[in-house]
Each structure stands twice: as structure tokens, then as C-alpha cells.
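**Q** Compact mmCIF, C-alpha atoms and all ligand atoms, saved as input_36.txt, coming up:
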# COMPACT_ATOMS: atom_id res chain seq x y z
CA MET A 17 33.93 17.21 -5.66
CA THR A 18 31.56 19.83 -4.43
CA GLY A 19 28.65 19.88 -2.04
CA SER A 20 28.43 20.16 1.71
CA ALA A 21 27.59 17.39 4.12
CA GLU A 22 24.13 18.81 4.82
CA LEU A 23 21.53 19.12 2.09
CA ASP A 24 17.85 20.03 2.03
CA ALA A 25 15.99 18.33 -0.79
CA ILE A 26 12.80 16.69 -1.99
CA VAL A 27 12.55 12.90 -2.30
CA VAL A 28 11.86 12.07 -5.95
CA GLY A 29 12.46 8.33 -5.94
CA TRP A 30 14.59 5.42 -4.84
CA VAL A 31 15.89 2.11 -6.09
CA ASP A 32 16.35 -1.04 -4.03
CA VAL A 33 19.86 -2.45 -4.01
CA GLY A 34 20.62 -5.92 -2.69
CA GLU A 35 18.85 -7.16 0.41
CA SER A 36 18.62 -4.08 2.56
CA ASP A 37 20.10 -1.05 0.81
CA ARG A 38 18.55 1.64 -1.29
CA ILE A 39 19.65 4.46 -3.52
CA LEU A 40 17.70 7.53 -2.56
CA ARG A 41 17.05 10.05 -5.33
CA LEU A 42 16.65 13.70 -4.37
CA LEU A 43 16.06 17.02 -6.08
CA SER A 44 17.75 20.02 -4.47
CA ALA A 45 18.04 23.69 -5.41
CA GLU A 46 21.82 23.77 -5.01
CA GLU A 47 22.85 20.51 -6.65
CA GLY A 48 19.97 19.45 -8.87
CA ARG A 49 19.57 15.70 -8.95
CA VAL A 50 21.43 13.89 -6.19
CA ALA A 51 21.73 10.16 -5.53
CA LEU A 52 22.62 8.88 -2.07
CA SER A 53 23.38 5.32 -0.97
CA ALA A 54 21.29 4.49 2.06
CA ARG A 55 22.50 1.32 3.77
CA ARG A 56 20.43 -1.11 5.81
CA VAL A 57 17.33 1.03 5.59
CA ARG A 58 14.68 -1.32 4.29
CA GLY A 59 12.29 -2.36 6.99
CA SER A 60 13.56 0.41 9.24
CA SER A 61 10.61 2.41 10.53
CA ARG A 62 12.95 5.20 11.61
CA MET A 63 13.76 5.84 7.96
CA ALA A 64 10.25 5.27 6.60
CA GLY A 65 9.56 8.98 6.07
CA LEU A 66 12.63 9.19 3.86
CA PHE A 67 11.07 6.93 1.31
CA GLU A 68 7.97 8.85 0.52
CA LEU A 69 7.68 10.67 -2.77
CA GLY A 70 7.48 14.41 -2.30
CA ALA A 71 8.81 14.40 1.27
CA ALA A 72 11.06 17.31 2.21
CA VAL A 73 14.16 16.02 3.94
CA ARG A 74 17.42 17.32 5.43
CA VAL A 75 20.16 14.77 4.94
CA GLN A 76 23.65 14.48 6.40
CA ARG A 77 25.98 12.67 4.05
CA ALA A 78 29.59 11.75 3.41
CA ARG A 79 31.63 10.72 0.41
CA GLY A 80 31.96 6.97 0.11
CA ARG A 81 34.07 4.83 -2.18
CA GLY A 82 34.26 6.17 -5.71
CA GLY A 83 33.08 9.57 -4.54
CA HIS A 84 29.43 8.58 -4.24
CA TRP A 85 27.38 10.15 -1.51
CA VAL A 86 26.44 7.92 1.40
CA LEU A 87 23.59 8.82 3.72
CA ARG A 88 24.62 9.33 7.35
CA SER A 89 21.37 10.52 8.85
CA ALA A 90 18.23 12.28 7.78
CA GLU A 91 15.43 14.36 9.15
CA ARG A 92 12.00 14.66 7.60
CA LEU A 93 10.99 18.33 7.35
CA GLY A 94 7.56 17.79 5.84
CA GLY A 95 5.69 15.86 3.24
CA PRO A 96 2.44 15.19 1.45
CA ARG A 97 -0.76 14.65 3.39
CA ARG A 98 -3.74 15.44 1.19
CA ALA A 99 -1.77 14.22 -1.84
CA ARG A 100 -1.50 10.82 -0.18
CA GLU A 101 -5.20 10.24 0.22
CA ASP A 102 -6.50 10.63 -3.29
CA LEU A 103 -5.49 8.44 -6.22
CA GLU A 104 -5.40 11.26 -8.76
CA ARG A 105 -3.26 13.42 -6.48
CA ILE A 106 -0.97 10.46 -5.78
CA ALA A 107 -0.51 10.00 -9.52
CA LEU A 108 0.09 13.73 -10.09
CA LEU A 109 2.56 13.80 -7.21
CA GLY A 110 4.56 10.94 -8.69
CA TYR A 111 4.47 12.51 -12.13
CA GLY A 112 5.63 15.93 -10.88
CA CYS A 113 8.52 14.39 -8.93
CA GLU A 114 9.67 12.30 -11.86
CA LEU A 115 9.24 15.10 -14.41
CA CYS A 116 11.13 17.80 -12.49
CA ALA A 117 13.90 15.37 -11.53
CA ALA A 118 14.28 13.98 -15.05
CA LEU A 119 14.69 17.47 -16.51
CA ALA A 120 17.08 18.68 -13.77
CA PRO A 121 20.85 18.48 -14.15
CA GLU A 122 22.96 16.25 -11.98
CA ALA A 123 25.35 18.00 -9.57
CA ALA A 124 24.44 21.49 -10.84
CA ALA A 125 22.04 24.10 -9.45
CA ALA A 126 18.37 23.61 -10.34
CA GLU A 127 16.70 26.34 -8.31
CA LYS A 128 13.81 26.88 -10.69
CA LEU A 129 12.93 23.20 -11.17
CA HIS A 130 13.22 22.64 -7.42
CA GLY A 131 11.01 25.67 -6.78
CA LEU A 132 8.54 24.43 -9.38
CA LEU A 133 8.28 21.05 -7.70
CA LEU A 134 7.71 22.75 -4.33
CA ALA A 135 4.91 24.83 -5.88
CA TRP A 136 3.42 21.67 -7.44
CA LEU A 137 3.48 19.86 -4.09
CA ASP A 138 1.81 22.89 -2.46
CA LEU A 139 -0.89 22.83 -5.13
CA LEU A 140 -1.57 19.14 -4.46
CA GLU A 141 -1.94 19.90 -0.74
CA ALA A 142 -4.46 22.71 -1.33
CA PRO A 143 -8.15 21.85 -0.94
CA ALA A 144 -9.12 23.19 -4.39
CA ALA A 145 -9.75 20.67 -7.15
CA ILE A 146 -6.84 20.14 -9.54
CA GLY A 147 -8.01 21.40 -12.92
CA PRO A 148 -7.23 19.68 -16.23
CA THR A 149 -4.72 22.34 -17.25
CA ALA A 150 -2.56 22.01 -14.14
CA ARG A 151 -0.45 19.15 -15.52
CA PRO A 152 0.20 20.69 -18.97
CA ALA A 153 1.11 23.95 -17.17
CA LEU A 154 3.58 22.03 -15.01
CA GLU A 155 5.07 20.37 -18.10
CA ALA A 156 5.43 23.72 -19.89
CA LYS A 157 7.12 25.35 -16.90
CA ALA A 158 9.45 22.40 -16.32
CA LEU A 159 10.48 22.34 -19.99
CA THR A 160 11.01 26.11 -19.89
CA PHE A 161 13.22 25.94 -16.79
CA ALA A 162 15.19 23.11 -18.39
CA GLY A 163 15.68 25.23 -21.53
CA LEU A 164 13.76 22.71 -23.63
CA MET A 165 10.37 24.32 -24.20
CA PRO A 166 9.17 23.64 -27.76
CA ALA A 167 7.93 26.46 -29.99
CA ILE A 168 4.22 27.15 -29.37
CA THR A 169 3.77 30.80 -30.35
CA ARG A 170 5.99 31.04 -33.44
CA CYS A 171 6.67 28.54 -36.19
CA ALA A 172 9.59 26.27 -35.28
CA ALA A 173 10.62 26.23 -38.93
CA CYS A 174 10.27 29.78 -40.27
CA GLY A 175 10.00 31.79 -37.04
CA GLU A 176 6.89 33.69 -38.13
CA ALA A 177 3.79 33.98 -35.93
CA LEU A 178 1.67 30.83 -36.16
CA GLU A 179 -1.60 30.80 -38.07
CA GLU A 180 -3.94 27.93 -38.92
CA PRO A 181 -3.41 25.24 -40.05
CA VAL A 182 -0.76 24.28 -37.48
CA VAL A 183 1.01 20.97 -36.85
CA PHE A 184 3.27 19.81 -34.02
CA ASP A 185 6.46 17.85 -34.56
CA PRO A 186 8.90 17.27 -31.66
CA GLU A 187 11.75 16.65 -34.05
CA ALA A 188 11.18 19.99 -35.78
CA GLY A 189 11.19 21.78 -32.41
CA GLY A 190 7.46 22.15 -31.72
CA ALA A 191 4.58 23.80 -33.56
CA LEU A 192 4.88 24.88 -37.17
CA HIS A 193 2.77 26.04 -40.07
CA ALA A 194 1.38 23.05 -41.92
CA ARG A 195 3.00 24.59 -44.99
CA CYS A 196 6.41 24.52 -43.27
CA GLY A 197 6.51 20.83 -42.38
CA GLY A 198 4.65 17.77 -41.22
CA GLY A 199 3.38 16.58 -37.86
CA ALA A 200 0.21 16.05 -35.86
CA PRO A 201 -2.47 18.70 -36.44
CA VAL A 202 -3.03 20.96 -33.41
CA ARG A 203 -5.34 23.90 -32.74
CA LEU A 204 -3.81 27.35 -32.56
CA GLY A 205 -6.29 28.34 -29.84
CA GLY A 206 -5.07 25.41 -27.73
CA LEU A 207 -1.44 26.49 -28.14
CA ARG A 208 -2.32 30.07 -27.16
CA ALA A 209 -4.10 28.84 -24.04
CA LEU A 210 -1.09 26.66 -23.24
CA GLU A 211 1.16 29.72 -23.47
CA VAL A 212 -1.13 31.53 -21.00
CA ALA A 213 -0.95 28.52 -18.65
CA ARG A 214 2.85 28.43 -18.99
CA ARG A 215 3.07 32.05 -17.86
CA THR A 216 0.52 31.79 -15.04
CA PRO A 217 1.75 30.82 -11.55
CA LEU A 218 0.69 27.22 -10.82
CA ALA A 219 -1.46 28.19 -7.86
CA GLU A 220 -3.43 30.70 -9.96
CA GLY A 221 -3.71 28.49 -13.02
CA ALA A 222 -5.39 25.52 -11.36
CA GLY A 223 -8.80 26.69 -12.49
CA LEU A 224 -7.94 27.35 -16.15
CA PRO A 225 -10.29 25.64 -18.63
CA PRO A 226 -9.16 22.46 -20.42
CA LEU A 227 -6.81 22.96 -23.35
CA ASP A 228 -8.01 22.17 -26.86
CA LEU A 229 -4.87 20.09 -27.46
CA PRO A 230 -3.85 16.40 -27.41
CA ARG A 231 -3.69 15.37 -23.76
CA TRP A 232 -0.03 14.39 -23.91
CA LEU A 233 1.30 16.98 -26.32
CA LEU A 234 4.02 18.21 -23.95
CA GLY A 235 4.26 14.89 -22.11
CA GLY A 236 5.09 13.33 -25.47
CA PHE A 237 7.64 16.05 -26.09
CA VAL A 238 9.27 15.22 -22.74
CA THR A 239 9.43 11.54 -23.76
CA TRP A 240 11.04 12.53 -27.04
CA GLN A 241 13.58 14.79 -25.29
CA LEU A 242 14.53 12.17 -22.71
CA GLY A 243 14.48 9.26 -25.15
CA ARG A 244 12.30 7.31 -22.71
CA PRO A 245 8.83 7.60 -21.20
CA LEU A 246 8.29 8.71 -17.61
CA GLN A 247 7.19 5.66 -15.63
CA SER A 248 4.67 7.62 -13.60
CA ARG A 249 2.74 8.57 -16.73
CA ALA A 250 1.19 5.09 -16.92
CA LEU A 251 -0.82 5.60 -13.72
CA LEU A 252 -2.12 8.98 -14.90
CA GLU A 253 -3.13 7.45 -18.21
CA ALA A 254 -4.87 4.58 -16.46
CA LEU A 255 -6.89 7.10 -14.44
CA GLY A 256 -8.04 8.73 -17.67
ZN ZN B 301 6.42 28.47 -40.72
In C-alpha cells, how does this file's structure come out?

**A**
Amino acid sequence: MTGSAELDAIVVGWVDVGESDRILRLLSAEEGRVALSARRVRGSSRMAGLFELGAAVRVQRARGRGGHWVLRSAERLGGPRRAREDLERIALLGYGCELCAALAPEAAAAEKLHGLLLAWLDLLEAPAAIGPTARPALEAKALTFAGLMPAITRCAACGEALEEPVVFDPEAGGALHARCGGGAPVRLGGLRALEVARRTPLAEGAGLPPLDLPRWLLGGFVTWQLGRPLQSRALLEALG
């Protein structure tokens, strides 16, 4: 049993339990994914700020039965404003929260994924338009920090530098020469641009041109890694 009573974290979701309770899901730098039982909170306006995706909170907690964390009190430190007023930003906010949390460990440090989500939330608060490469860049960084980034610069099968024609196969570990295996055809130029986006800080990469790649290349890889789709992807897909 580790962890102190006080924790600063980002709200990444919650689940209703029974009539009035909720399980609050957080992402923190120190402890990765954290779940907290929050009792008698539904309908409580005092706690409303706690149940907003992307809100920064400071919680006080205690161990309950079975060692699960129980929420004692909480303070809202900040949260989305601009990202609450625009449907595309709302969708991107939900996706970023779910993505970073899904790839983070439970009860283990996740400083980079936590920092990435903070940078993503900052980007969504900035006045600049969110370019089409922002989400793939986020996916690439999140996969990298989780140690799961697929091969995009060298062949996943033979390890040599990629050259056309290139295919992508999650099961094979990413991109590969068409001669080295099967998969969906992808453009080498698109993969190279994705590698640039992966290495560019989110705030600087917002204006990168669209990638010449399937829209959900990395999103699909995340689904394959997790064995389930991210729920928040549906809204982004609906928005086109
Ligand atoms: Zn090869």
C-alpha cells in the first residue's frame, strides 16, 4: 500500500455506482491511474467541478475496505474553459483523457503521460485552431511514453530502413516492407511526417499539415494494443 492522502491529478472519467455514489478516475504523475470511491456525490453542486473531464483536482483520500481509496474531500485547481465551448474540442478533450489514462499504468508513476495530457489540455485552451495532425501526434507521443509505439521509420520485420511499397500491420509491430509481410498499404511520406509530429512538442506541432495516412492508423493500433476501442473515439468519428 503506497500513496499519500493528498494527490494532485487530472479527472479522466467516472462511473456511477448505485443511487448516489461514483467511482472517480484520475491520472496522476506519481501513481498513474487512480480510482477513488466518491460517496453521496451525485446531485451535489459542491462536488460538480470534480466530475468534469480534464479538470485539475487536489483530492484528500483514505483507504477504505479492501484497500480501495475513498474520497474525503477535493479541491478544484483548474479546468477546461475554451475546450468546453466547442464540440470538436470537447471531443478531443475526451479522447485525450481516455487515451492517456488507458495507456498509463495503475498505481505506478506516469509522469510523461500525465505531462502529455497537461500539454494536450493546454493546447485545447489556446486560441489557435487545432490542426489535423494534433491528434495523431498525441497518439504517437502517448504510445511512445507507454513503450508501445509501433515501428514507423524501420521495417518491423527486417529492421532495415523503410522504402516503398510499405504496409502497416499492428500484429507485426507496425510498418514493414510489402515484401516482408502483409497489411494495409501506407505511404512512406506519411510515416515520415508522423515521425516529425511525434518528435515535435504538441504546442509547436498544431499547425503541421495533414498526414498522408489513414485517419485512424495509430488510433487503430491503440485499439489493437488495448483489445478494445476507446469510447470517446465514436464522437470524433461522428464529427468527421
Ligand atoms: Zn523489411

**Q** Show me a table, sorted first by chain and then by increasing residue number, of the residues of chain A having an atom at most 12 Å from ligand ZN 301 (chain B), each with its shortest atom pair and the distance in Å to one decimal, counting all atoms listed in the file and written as a Markdown table.

**A**
| residue | atom | partner | partner_atom | distance |
| --- | --- | --- | --- | --- |
| A:Ala167 | CA | B:ZN301 | ZN | 11.0 |
| A:Ile168 | CA | B:ZN301 | ZN | 11.6 |
| A:Thr169 | CA | B:ZN301 | ZN | 11.0 |
| A:Arg170 | CA | B:ZN301 | ZN | 7.7 |
| A:Cys171 | CA | B:ZN301 | ZN | 4.5 |
| A:Ala172 | CA | B:ZN301 | ZN | 6.7 |
| A:Ala173 | CA | B:ZN301 | ZN | 5.1 |
| A:Cys174 | CA | B:ZN301 | ZN | 4.1 |
| A:Gly175 | CA | B:ZN301 | ZN | 6.1 |
| A:Glu176 | CA | B:ZN301 | ZN | 5.8 |
| A:Ala177 | CA | B:ZN301 | ZN | 7.8 |
| A:Leu178 | CA | B:ZN301 | ZN | 7.0 |
| A:Glu179 | CA | B:ZN301 | ZN | 8.8 |
| A:Glu180 | CA | B:ZN301 | ZN | 10.5 |
| A:Pro181 | CA | B:ZN301 | ZN | 10.4 |
| A:Val182 | CA | B:ZN301 | ZN | 8.9 |
| A:Val183 | CA | B:ZN301 | ZN | 10.0 |
| A:Phe184 | CA | B:ZN301 | ZN | 11.4 |
| A:Ala188 | CA | B:ZN301 | ZN | 10.9 |
| A:Gly189 | CA | B:ZN301 | ZN | 11.7 |
| A:Gly190 | CA | B:ZN301 | ZN | 11.0 |
| A:Ala191 | CA | B:ZN301 | ZN | 8.7 |
| A:Leu192 | CA | B:ZN301 | ZN | 5.3 |
| A:His193 | CA | B:ZN301 | ZN | 4.4 |
| A:Ala194 | CA | B:ZN301 | ZN | 7.5 |
| A:Arg195 | CA | B:ZN301 | ZN | 6.7 |
| A:Cys196 | CA | B:ZN301 | ZN | 4.7 |
| A:Gly197 | CA | B:ZN301 | ZN | 7.8 |
| A:Gly198 | CA | B:ZN301 | ZN | 10.9 |

**Q** Tell me which protein, DNA and RNA residues are within 9 Å of region 61-66 of chain A, counting all atoms listed in the file, leaving out same-chain ones fewer than 3 positions away, and put them as a PyMOL selection string.

**A** chain A and resi 27+40+57-58+69+71-73+89-92+95

**Q** Here is a test: counting only C-alpha atoms, which residue of A:Arg105, A:Ser60, A:Ala153, A:Gly235 is nearest to Gln247 (chain A)?

**A**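 With only C-alpha atoms as the atom set, the closest residue is A:Gly235.
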
**Q** Smallest atom-to-atom distance to Leu242 (chain A): which of A:Pro201, A:Ala156, A:Leu119, A:Ala144, using all atoms listed in the file?

**A**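 Nearest to Leu242 (chain A): A:Leu119.
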
**Q** Given the choices A:Ile146, A:Leu207, A:Val238, A:Ile39, which gets closest to Gly221 (chain A) if the distance is worked out from all atoms listed in the file?

**A**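 Result for the nearest residue to Gly221 (chain A): A:Ile146.
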
**Q** In Å to one decimal, how far is CA of Leu246 (chain A) from CA of Gly80 (chain A)?

**A** 29.6 Å

**Q** Taking 2 positions as the minimum chain separation for residues in the same chain, which residues sit within 7 Å of Arg49 (chain A) when counting only C-alpha atoms? Answer as a PyMOL selection string.

**A** chain A and resi 42-44+47+51+117+120-123

**Q** Go ahead and fit an axis-aligned box to every listed atom of region 200-208 of chain A plus 4 Å each side, and pass me the centre and edge lengths in Å, one decimal, as JSON.

**A**
{"center_x": -3.0, "center_y": 23.1, "center_z": -31.8, "size_x": 14.5, "size_y": 22.0, "size_z": 17.3}

**Q** I'd like the neighbourhood of Arg56 (chain A) as a VMD selection string, where a residue qualifies if any of its atoms comes within 10 Å (using all atoms listed in the file), though same-chain residues fewer than 3 positions away should be ignored.

**A** chain A and resid 33 to 38 53 59 to 60 63

**Q** How many Å separate CA of Ala107 (chain A) from CA of Gln76 (chain A)?

**A**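 Here the two named atoms are 29.3 Å from each other.
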
**Q** At what distance in Å, to one decimal, does CA of Ala162 (chain A) lie from CA of Ala142 (chain A)?

**A** 26.0 Å

**Q** Of the residues A:Gly83, A:Gly110, A:Arg77, A:Ala118, which is the one nearest to Gly243 (chain A), using only C-alpha atoms?

**A**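 When distances to Gly243 (chain A) are compared using only C-alpha atoms, the smallest one comes from A:Ala118.
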
**Q** Determine the nearest neighbour of Arg249 (chain A) from the options A:Ile106, A:Ala124, A:Leu210, A:Ala200, counting only C-alpha atoms.

**A** A:Ile106

**Q** For each of A:Pro152, A:Gly82, A:Gly70, A:Gly131, take the minimum atom-to-atom distance to Arg215 (chain A), counting only C-alpha atoms, then give the residue where this is smallest.

**A**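 Of all the options, A:Pro152 lies closest to Arg215 (chain A).
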
**Q** Around the point (-2.4, 21.9, -17.7) in the file's coordinates, collect all residues with an atom within 12 Å, using all atoms listed in the file, and return them as a PyMOL selection string.

**A** chain A and resi 108+136+146-158+206-207+209-235

**Q** Dump as a list in words all residues having an atom at most 8 Å from (15.4, 23.6, -6.5), computed in the file's coordinates with only C-alpha atoms.

**A** Ala25, Leu43, Ser44, Ala45, Glu46, Gly48, Ala125, Ala126, Glu127, Lys128, Leu129, His130, Gly131, Leu132 and Leu133 of chain A
